[in-house]
Every structure is written in C-alpha cells, then in structure tokens.
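Coordinates as given in upload27.txt (compact mmCIF, C-alpha atoms):
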# COMPACT_ATOMS: atom_id res chain seq x y z
CA MET A 24 0.00 0.00 0.00
CA SER A 25 1.33 3.44 -0.92
CA ARG A 26 1.99 6.01 1.80
CA SER A 27 -0.59 8.42 0.37
CA ARG A 28 -3.27 5.70 0.45
CA ALA A 29 -2.31 4.71 4.00
CA ARG A 30 -2.57 8.36 5.11
CA ARG A 31 -5.94 8.69 3.43
CA LEU A 32 -7.30 5.57 5.15
CA ALA A 33 -5.97 6.77 8.51
CA ARG A 34 -7.70 10.12 8.02
CA TRP A 35 -10.94 8.41 7.01
CA SER A 36 -10.74 6.20 10.10
CA ARG A 37 -10.48 9.29 12.31
CA GLU A 38 -13.11 11.32 10.50
CA ARG A 39 -15.58 8.67 9.32
CA GLY A 40 -14.92 5.78 11.65
CA VAL A 41 -13.08 2.46 11.34
CA TRP A 42 -16.16 0.48 10.37
CA TRP A 43 -17.05 2.83 7.46
CA THR A 44 -13.45 2.78 6.25
CA LEU A 45 -13.31 -1.03 6.37
CA LEU A 46 -16.58 -1.38 4.46
CA TRP A 47 -15.42 1.11 1.83
CA CYS A 48 -12.21 -0.90 1.32
CA LEU A 49 -14.15 -4.15 1.01
CA ARG A 50 -16.50 -2.57 -1.54
CA ALA A 51 -13.60 -1.21 -3.63
CA ALA A 52 -11.80 -4.58 -3.51
CA GLY A 53 -15.00 -6.33 -4.57
CA GLN A 54 -15.44 -4.01 -7.55
CA ARG A 55 -11.85 -4.60 -8.68
CA LEU A 56 -12.26 -8.35 -8.25
CA HIS A 57 -15.55 -8.26 -10.15
CA ARG A 58 -13.95 -6.43 -13.08
CA ARG A 59 -11.06 -8.88 -13.18
CA VAL A 60 -13.35 -11.91 -13.01
CA GLU A 61 -15.67 -10.45 -15.63
CA SER A 62 -12.75 -9.68 -17.95
CA ALA A 63 -11.29 -13.18 -17.51
CA LEU A 64 -14.63 -14.84 -18.22
CA GLU A 65 -15.18 -12.68 -21.30
CA ALA A 66 -11.75 -13.62 -22.63
CA ARG A 67 -12.49 -17.35 -22.20
CA LEU A 68 -15.93 -17.06 -23.80
CA ALA A 69 -14.50 -15.09 -26.71
CA ALA A 70 -11.81 -17.73 -27.30
CA ILE A 71 -14.42 -20.49 -27.40
CA GLU A 72 -16.58 -18.50 -29.82
CA ARG A 73 -13.61 -17.97 -32.15
CA ARG A 74 -12.63 -21.63 -31.99
CA ARG A 75 -16.14 -22.95 -32.58
CA PHE A 76 -17.12 -20.25 -35.14
CA LEU A 77 -20.08 -19.39 -32.96
CA LEU A 78 -22.58 -16.79 -34.16
CA ALA A 79 -25.35 -15.69 -31.82
CA PRO A 80 -26.93 -12.34 -30.91
CA ASP A 81 -26.26 -12.96 -27.20
CA SER A 82 -22.66 -14.10 -27.63
CA VAL A 83 -19.78 -12.10 -26.16
CA SER A 84 -18.56 -11.46 -29.72
CA ALA A 85 -21.84 -9.85 -30.74
CA LEU A 86 -22.05 -7.57 -27.70
CA ARG A 87 -18.94 -5.62 -28.72
CA ASN A 88 -18.09 -3.81 -31.97
CA THR A 89 -21.73 -3.47 -32.95
CA ALA A 90 -22.98 -1.40 -35.88
CA ALA A 91 -24.44 1.13 -33.43
CA GLU A 92 -21.12 1.41 -31.58
CA ASN A 93 -19.19 1.84 -34.82
CA ARG A 94 -21.66 4.46 -36.04
CA GLU A 95 -21.20 6.45 -32.84
CA VAL A 96 -17.40 6.14 -32.76
CA TRP A 97 -16.80 7.17 -36.37
CA SER A 98 -19.47 9.86 -36.42
CA ARG A 99 -17.69 11.56 -33.50
CA TRP A 100 -14.16 10.91 -34.75
CA ASP A 101 -11.82 13.84 -35.43
CA TRP A 102 -11.38 13.47 -39.20
CA SER A 103 -9.11 16.50 -39.56
CA GLN A 104 -6.26 14.23 -40.71
CA LEU A 105 -8.57 12.39 -43.15
CA GLY A 106 -7.49 9.06 -41.68
CA ALA A 107 -3.78 9.62 -42.33
CA GLU A 108 -3.12 8.88 -38.65
CA TRP A 109 -3.72 5.18 -39.38
CA THR A 110 -1.25 5.25 -42.25
CA ASP A 111 1.26 6.68 -39.76
CA ASP A 112 0.56 3.68 -37.52
CA ALA A 113 2.62 1.59 -39.95
CA ALA A 114 5.66 3.28 -38.42
CA ALA A 115 4.46 2.83 -34.83
CA PHE A 116 3.39 -0.81 -35.18
CA ARG A 117 5.68 -2.13 -37.91
CA GLY A 118 8.58 0.31 -38.12
CA LEU A 119 7.74 0.99 -41.78
CA ALA A 120 7.76 4.26 -43.71
CA PRO A 121 4.03 5.09 -43.79
CA GLU A 122 3.67 6.31 -47.37
CA ALA A 123 5.85 3.49 -48.73
CA TRP A 124 3.72 1.01 -46.77
CA LYS A 125 0.52 2.49 -48.21
CA ARG A 126 1.86 2.37 -51.79
CA ASP A 127 2.74 -1.28 -51.25
CA ILE A 128 -0.79 -2.07 -50.00
CA VAL A 129 -2.33 -0.27 -52.98
CA GLU A 130 -0.18 -2.16 -55.51
CA ARG A 131 -0.15 -5.54 -53.79
CA PHE A 132 -3.84 -5.78 -52.91
CA LEU A 133 -5.92 -3.03 -54.50
CA VAL A 134 -4.49 -2.77 -58.01
CA ALA A 135 -3.71 -6.48 -58.18
CA ASN A 136 -7.31 -7.51 -57.49
CA ALA A 137 -9.48 -4.69 -58.83
CA ARG A 138 -11.02 -4.90 -62.27
CA LYS A 139 -9.80 -1.95 -64.33
CA GLY A 140 -12.77 0.19 -65.29
CA GLY A 141 -15.17 -2.06 -63.35
CA VAL A 142 -17.77 -1.40 -60.67
CA THR A 143 -16.20 -1.17 -57.20
CA LEU A 144 -17.74 -1.14 -53.73
CA GLU A 145 -15.86 0.32 -50.76
CA ILE A 146 -17.15 -0.54 -47.29
CA GLY A 147 -16.32 2.11 -44.67
CA PRO A 148 -14.52 4.79 -46.69
CA GLY A 149 -14.19 7.06 -43.64
CA ALA A 150 -12.84 10.33 -45.04
CA GLY A 151 -11.64 8.73 -48.28
CA ARG A 152 -8.13 7.56 -47.44
CA TRP A 153 -8.35 4.71 -49.99
CA THR A 154 -11.16 6.12 -52.12
CA ALA A 155 -8.88 8.24 -54.30
CA HIS A 156 -6.92 5.13 -55.30
CA LEU A 157 -10.12 3.21 -56.00
CA LEU A 158 -11.31 5.98 -58.30
CA GLU A 159 -8.14 5.59 -60.37
CA VAL A 160 -8.97 1.98 -61.24
CA SER A 161 -12.79 2.01 -61.23
CA GLY A 162 -15.36 2.99 -63.81
CA ALA A 163 -18.00 3.37 -61.10
CA LEU A 164 -17.62 3.43 -57.33
CA HIS A 165 -20.14 2.77 -54.56
CA LEU A 166 -19.24 4.08 -51.10
CA ALA A 167 -21.10 2.44 -48.19
CA ASP A 168 -20.72 3.49 -44.57
CA VAL A 169 -22.67 3.21 -41.31
CA SER A 170 -21.85 6.86 -40.59
CA GLU A 171 -23.67 9.62 -42.45
CA ARG A 172 -20.87 11.97 -41.41
CA CYS A 173 -18.26 9.87 -43.20
CA LEU A 174 -20.36 9.86 -46.36
CA ALA A 175 -20.71 13.65 -46.09
CA LEU A 176 -16.93 14.02 -45.78
CA CYS A 177 -16.42 11.87 -48.88
CA ARG A 178 -19.08 13.79 -50.80
CA GLU A 179 -17.35 17.04 -49.86
CA ARG A 180 -14.01 15.65 -50.98
CA PHE A 181 -15.01 13.78 -54.17
CA GLY A 182 -18.21 15.57 -55.17
CA ASP A 183 -21.40 14.26 -56.72
CA SER A 184 -19.80 12.76 -59.79
CA PRO A 185 -22.02 10.32 -61.70
CA ARG A 186 -19.20 7.81 -61.17
CA ILE A 187 -19.77 7.79 -57.39
CA ALA A 188 -22.81 6.66 -55.39
CA TYR A 189 -23.12 7.11 -51.62
CA HIS A 190 -25.00 4.61 -49.45
CA ARG A 191 -25.77 4.72 -45.74
CA VAL A 192 -25.67 1.17 -44.33
CA ALA A 193 -28.56 0.55 -41.95
CA GLY A 194 -30.68 -2.44 -41.00
CA ASP A 195 -31.16 -3.58 -44.59
CA GLY A 196 -27.43 -3.92 -45.25
CA LEU A 197 -26.53 -3.56 -48.92
CA ALA A 198 -30.10 -3.95 -50.21
CA CYS A 199 -29.51 -0.74 -52.20
CA LEU A 200 -27.27 -2.68 -54.61
CA PRO A 201 -28.63 -5.09 -57.23
CA GLY A 202 -27.40 -8.65 -57.41
CA ALA A 203 -24.32 -9.60 -59.43
CA SER A 204 -23.45 -5.92 -59.97
CA ILE A 205 -20.03 -5.56 -58.31
CA ASP A 206 -16.62 -6.42 -59.78
CA PHE A 207 -14.48 -5.61 -56.75
CA ILE A 208 -14.97 -4.91 -53.04
CA TRP A 209 -12.41 -3.08 -50.92
CA SER A 210 -12.43 -2.52 -47.16
CA TYR A 211 -9.40 -1.59 -45.08
CA ASP A 212 -9.41 -0.61 -41.39
CA VAL A 213 -13.11 -1.44 -41.14
CA PHE A 214 -13.80 -5.12 -40.48
CA VAL A 215 -11.16 -5.16 -37.75
CA HIS A 216 -13.88 -3.25 -35.85
CA VAL A 217 -16.92 -5.26 -37.04
CA ASN A 218 -18.13 -8.15 -34.91
CA PRO A 219 -18.54 -11.68 -36.37
CA LEU A 220 -22.34 -11.52 -36.51
CA ASP A 221 -22.32 -8.30 -38.56
CA THR A 222 -19.40 -9.58 -40.65
CA ASP A 223 -21.50 -12.63 -41.52
CA ARG A 224 -24.34 -10.36 -42.68
CA TYR A 225 -21.96 -8.38 -44.86
CA LEU A 226 -20.56 -11.56 -46.40
CA ALA A 227 -24.10 -12.72 -47.24
CA ASP A 228 -24.56 -9.39 -49.04
CA PHE A 229 -21.19 -9.77 -50.77
CA ALA A 230 -22.18 -13.17 -52.11
CA ARG A 231 -25.34 -11.61 -53.56
CA VAL A 232 -23.87 -8.44 -55.11
CA MET A 233 -20.59 -9.89 -56.46
CA HIS A 234 -20.77 -11.37 -59.90
CA SER A 235 -19.01 -14.61 -60.74
CA GLY A 236 -15.25 -14.12 -60.66
CA ALA A 237 -15.40 -10.88 -58.65
CA ARG A 238 -12.91 -10.38 -55.83
CA ALA A 239 -12.90 -8.65 -52.46
CA VAL A 240 -10.03 -7.50 -50.25
CA ILE A 241 -11.02 -7.34 -46.58
CA HIS A 242 -8.76 -6.27 -43.70
CA HIS A 243 -10.02 -7.91 -40.50
CA ALA A 244 -9.02 -9.00 -37.00
CA ASP A 245 -7.03 -12.16 -36.33
CA ARG A 246 -4.84 -13.00 -33.30
CA TYR A 247 -3.38 -10.72 -30.64
CA HIS A 248 -1.20 -11.18 -27.59
CA SER A 249 -4.18 -10.95 -25.26
CA HIS A 250 -7.90 -10.29 -25.06
CA ALA A 251 -7.05 -6.98 -23.38
CA GLU A 252 -5.03 -5.91 -26.44
CA ARG A 253 -7.94 -6.86 -28.68
CA VAL A 254 -10.37 -4.79 -26.62
CA ALA A 255 -7.99 -1.83 -26.25
CA GLY A 256 -7.47 -1.75 -30.02
CA PHE A 257 -11.24 -1.90 -30.64
CA ARG A 258 -10.63 -5.14 -32.53
CA SER A 259 -13.51 -7.57 -33.05
CA ASN A 260 -13.54 -11.21 -31.97
CA LEU A 261 -12.59 -12.65 -35.37
CA SER A 262 -9.73 -14.88 -36.47
CA ARG A 263 -8.60 -15.74 -39.98
CA GLU A 264 -10.10 -19.23 -39.59
CA PHE A 265 -13.39 -17.77 -38.37
CA PHE A 266 -13.49 -15.35 -41.30
CA ALA A 267 -12.69 -18.13 -43.78
CA GLU A 268 -15.46 -20.31 -42.35
CA LEU A 269 -17.99 -17.48 -42.71
CA CYS A 270 -16.88 -17.01 -46.33
CA ARG A 271 -17.33 -20.73 -46.97
CA ARG A 272 -20.87 -20.65 -45.57
CA HIS A 273 -21.78 -18.06 -48.18
CA GLY A 274 -20.10 -19.75 -51.12
CA LEU A 275 -17.12 -17.39 -51.18
CA GLN A 276 -13.60 -18.71 -51.69
CA VAL A 277 -10.61 -17.46 -49.70
CA VAL A 278 -7.83 -16.90 -52.22
CA GLU A 279 -5.20 -15.53 -49.82
CA GLN A 280 -4.80 -14.57 -46.17
CA ASP A 281 -1.85 -12.27 -45.53
CA LEU A 282 -0.48 -11.62 -42.02
CA GLU A 283 2.63 -9.65 -42.95
CA HIS A 284 1.39 -6.50 -44.65
CA ALA A 285 -1.37 -5.15 -42.41
CA HIS A 286 -0.20 -2.07 -40.51
CA LYS A 287 -0.83 -3.73 -37.10
CA ARG A 288 0.42 -7.15 -36.05
CA GLY A 289 -2.49 -9.43 -35.30
CA ASP A 290 -4.57 -8.13 -38.21
CA CYS A 291 -5.13 -10.10 -41.41
CA ILE A 292 -5.82 -9.14 -45.02
CA SER A 293 -8.02 -11.68 -46.79
CA VAL A 294 -8.58 -11.85 -50.53
CA ILE A 295 -11.84 -13.63 -51.39
CA ALA A 296 -13.57 -14.49 -54.62
CA LYS A 297 -16.98 -15.55 -55.81
CA ALA A 298 -16.44 -18.74 -57.73
Would you give me this structure, written as structure tokens?
Amino acid sequence: MSRSRARRLARWSRERGVWWTLLWCLRAAGQRLHRRVESALEARLAAIERRRFLLAPDSVSALRNTAAENREVWSRWDWSQLGAEWTDDAAAFRGLAPEAWKRDIVERFLVANARKGGVTLEIGPGAGRWTAHLLEVSGALHLADVSERCLALCRERFGDSPRIAYHRVAGDGLACLPGASIDFIWSYDVFVHVNPLDTDRYLADFARVMHSGARAVIHHADRYHSHAERVAGFRSNLSREFFAELCRRHGLQVVEQDLEHAHKRGDCISVIAKA
C-alpha cells in the first residue's frame, strides 16, 4: 500500500470511523475483483466462440463492436487528418515508412485484385483515405458506410460525380445494390472493428452483389497477444479461420490470407472471390 493511500485511510478512520473505512475498502476490492473476473470470463468465452465459429446475438462477440457502436465512434471521430493517422501507424506498429507502406498495400492488394474500369464497392470509406486510389482503377464506385458523417466528408471531398454513389448502411445492409453488380470490393481498417455476426451479414450481401469471378479485399481482426489488447485496439472477436469459415458458408472462396502486410500485427488481409 502506498503512503498516500495509508494516510488517506488513517484520516478516514479518524473522520468517518473504522467500520465505514473497512466497508469502503471491502466494496472497492470487490469491484476490482468483479472487473477482473468479468474480464477473464469474457476472454475465455471469446476464445471459445472464435474456436467454434459461434454466431449468436447474445454471444460475447456480438455484444462488442456493434454497428451502433461503430456508427457512434466514427461519427464523433476527429477526421481533420482524413485518416492519415492510421497510415502513420505503420511506423508505430511495424517500423515501416508510412507512405511506402501504403503504396505497397495499394499495388499488392488493390491494383492487383481490382477490375480496371469495373464497378467497385468500398465498405467504410471514412474520409476517403483509400477512395482516391479506387477511383483511379474504377469505372464506377459505390461508397457504403454506417456513418452519415463519413459519407458527407467523402461527398465534400469527391463531389457528386455520376461515377460515385453514396450509401448509408442501416438495417437492410446492402439492399440498395442489385445482385451480381459488383466487380471488386475493398475494405481496409473497417472489419477489424466489425463483430462476427455483422461480418456474416456483410458476407451474405457480398455473395449476392458480387458477380461470378469478382474479388474482395477485406482487412479484419485475427490473433493478438491478449484479449485486453484486442479490446484496447477496438478489434472484433474474429480470427482468420473464423473469417474463412464465414466465407465458406456463403459460397465465397478465400484466395489468400496475408499476415505480414497489415499495418498492425495481429490483423489479417483476406482476398476472397466468388467462384
């Protein structure tokens, strides 16, 4: 016990009585113990759900990283840097030059998998960090986001060009898009924050809107040192195996799962295709 805490308890004992002070200490200890026990149980439940590919509205996985939570977080986010702060994270997490890292991601995953002049869908454009690169390779581009603010930022930045359509994602998912209409789907720094249940719903939509042979590049959560790191990083309870299983359930094929090029260790970049 620190000296300052000991002095405080001694003062409380004099001023408030020994019995009150003892009960207060017991209550505080109980709260700390409760939080530790709750956190440990959540970590074990989350591990089981990842291992068993469990999807349920009342699962631990579904209670965090919800659409409502994401909408609130990104609607209130300070977008003054237009998302460049996450590009800079490549230096903090990987020791890589941020702009060189981003160019590598664009060439290795975006350009390599997009259909030149095709119809592209970006999920979660934020303030358009990747959108400019998608416009370079796409004939038409659909931007879909849970946050109306993010769509407004992109509209302000890229305008109301007939090449771009803006879609707010709500309870009906991607119902705004017709079936077999998309050549390429891109989403980076989004599905790391989307829980497995909502990811499954998106993948069902992907299977519907992608035409045969279309590809998608999705950056999502995988494995971290601890459950605490996952929670602190606002990472969802996914793994690469869990993601691949959800793809399989919807008839989507995992072409590649890359662990080396995401800006944060523990993340995964999956390339999927509609056979």
Hey, what's within 10 Å of A:Ala267 if we count all atoms listed in the file and toss same-chain stuff fewer than 6 positions away? As a tab-separated table (two decimals) with C-alpha atoms, in the frame of the given file, please?
chain	number	residue	atom	x	y	z
A	76	PHE	CA	-17.12	-20.25	-35.14
A	275	LEU	CA	-17.12	-17.39	-51.18
A	276	GLN	CA	-13.60	-18.71	-51.69
A	277	VAL	CA	-10.61	-17.46	-49.70
A	278	VAL	CA	-7.83	-16.90	-52.22
A	279	GLU	CA	-5.20	-15.53	-49.82
A	280	GLN	CA	-4.80	-14.57	-46.17
A	293	SER	CA	-8.02	-11.68	-46.79
A	295	ILE	CA	-11.84	-13.63	-51.39
Under the rule that only C-alpha atoms are counted, which of A:Val232, A:Cys177, A:Ala244, A:Ala255 is the nearest residue to A:Arg73? A:Ala244
Near stretch 142-159 of chain A, 10 Å: stretch 24-101 of chain A residue rows, closest pairs, all atoms listed in the file, as a tab-separated table:
residue	atom	partner	partner_atom	distance
A:Trp97	CA	A:Gly149	CA	7.7
A:Ser98	CA	A:Gly149	CA	9.4
A:Trp100	CA	A:Gly149	CA	9.7
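Across A:Leu282, A:Ala237, A:Leu220, A:Cys173, the tightest approach to A:Ser103 is made by A:Cys173 when counting all atoms listed in the file.
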For a cut-off of 12 Å around (-12.7, 1.4, 1.4), file coordinates, pick out all residues using all atoms listed in the file and list them as a list in words. Arg28, Ala29, Arg31, Leu32, Ala33, Trp35, Ser36, Arg39, Gly40, Val41, Trp42, Trp43, Thr44, Leu45, Leu46, Trp47, Cys48, Leu49, Arg50, Ala51, Ala52, Gly53, Gln54 and Arg55 of chain A
Taking C-alpha atoms for each residue, export the selection above as a PDB file, keeping the file's coordinate frame.
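So the final result, stored in selection.pdb, reads:
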ATOM      1  CA  ARG A  28      -3.270   5.700   0.450  1.00  0.00           C
ATOM      2  CA  ALA A  29      -2.310   4.710   4.000  1.00  0.00           C
ATOM      3  CA  ARG A  31      -5.940   8.690   3.430  1.00  0.00           C
ATOM      4  CA  LEU A  32      -7.300   5.570   5.150  1.00  0.00           C
ATOM      5  CA  ALA A  33      -5.970   6.770   8.510  1.00  0.00           C
ATOM      6  CA  TRP A  35     -10.940   8.410   7.010  1.00  0.00           C
ATOM      7  CA  SER A  36     -10.740   6.200  10.100  1.00  0.00           C
ATOM      8  CA  ARG A  39     -15.580   8.670   9.320  1.00  0.00           C
ATOM      9  CA  GLY A  40     -14.920   5.780  11.650  1.00  0.00           C
ATOM     10  CA  VAL A  41     -13.080   2.460  11.340  1.00  0.00           C
ATOM     11  CA  TRP A  42     -16.160   0.480  10.370  1.00  0.00           C
ATOM     12  CA  TRP A  43     -17.050   2.830   7.460  1.00  0.00           C
ATOM     13  CA  THR A  44     -13.450   2.780   6.250  1.00  0.00           C
ATOM     14  CA  LEU A  45     -13.310  -1.030   6.370  1.00  0.00           C
ATOM     15  CA  LEU A  46     -16.580  -1.380   4.460  1.00  0.00           C
ATOM     16  CA  TRP A  47     -15.420   1.110   1.830  1.00  0.00           C
ATOM     17  CA  CYS A  48     -12.210  -0.900   1.320  1.00  0.00           C
ATOM     18  CA  LEU A  49     -14.150  -4.150   1.010  1.00  0.00           C
ATOM     19  CA  ARG A  50     -16.500  -2.570  -1.540  1.00  0.00           C
ATOM     20  CA  ALA A  51     -13.600  -1.210  -3.630  1.00  0.00           C
ATOM     21  CA  ALA A  52     -11.800  -4.580  -3.510  1.00  0.00           C
ATOM     22  CA  GLY A  53     -15.000  -6.330  -4.570  1.00  0.00           C
ATOM     23  CA  GLN A  54     -15.440  -4.010  -7.550  1.00  0.00           C
ATOM     24  CA  ARG A  55     -11.850  -4.600  -8.680  1.00  0.00           C
TER      25      ARG A  55
END
A:Cys199 environment, 12 Å, only C-alpha atoms, sequence neighbours closer than 6 positions dropped, as an mmCIF file with C-alpha atoms, keeping the file's coordinate frame:
data_model
loop_
_atom_site.group_PDB
_atom_site.id
_atom_site.type_symbol
_atom_site.label_atom_id
_atom_site.label_comp_id
_atom_site.auth_asym_id
_atom_site.auth_seq_id
_atom_site.Cartn_x
_atom_site.Cartn_y
_atom_site.Cartn_z
ATOM 1 C CA LEU A 144 -17.740 -1.140 -53.730
ATOM 2 C CA HIS A 165 -20.140 2.770 -54.560
ATOM 3 C CA LEU A 166 -19.240 4.080 -51.100
ATOM 4 C CA ALA A 167 -21.100 2.440 -48.190
ATOM 5 C CA ALA A 188 -22.810 6.660 -55.390
ATOM 6 C CA TYR A 189 -23.120 7.110 -51.620
ATOM 7 C CA HIS A 190 -25.000 4.610 -49.450
ATOM 8 C CA ARG A 191 -25.770 4.720 -45.740
ATOM 9 C CA VAL A 192 -25.670 1.170 -44.330
ATOM 10 C CA ALA A 193 -28.560 0.550 -41.950
ATOM 11 C CA ASP A 228 -24.560 -9.390 -49.040
ATOM 12 C CA ARG A 231 -25.340 -11.610 -53.560
ATOM 13 C CA VAL A 232 -23.870 -8.440 -55.110
#
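Nearest to A:Asp290 of all the residues A:Val160, A:Ile205, A:Val134, A:Ile241 is A:Ile241, counting only C-alpha atoms.
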Mind giving me the straight-line distance from atom CA of A:Val60 to atom CA of A:Arg30 in Å, one decimal? 29.2 Å
What lies within 12 Å of A:Ala251 using all atoms listed in the file, ignoring chain neighbours under 5 positions off, as a ChimeraX atom specification? /A:59,62-63,65-67,69,246,256-260
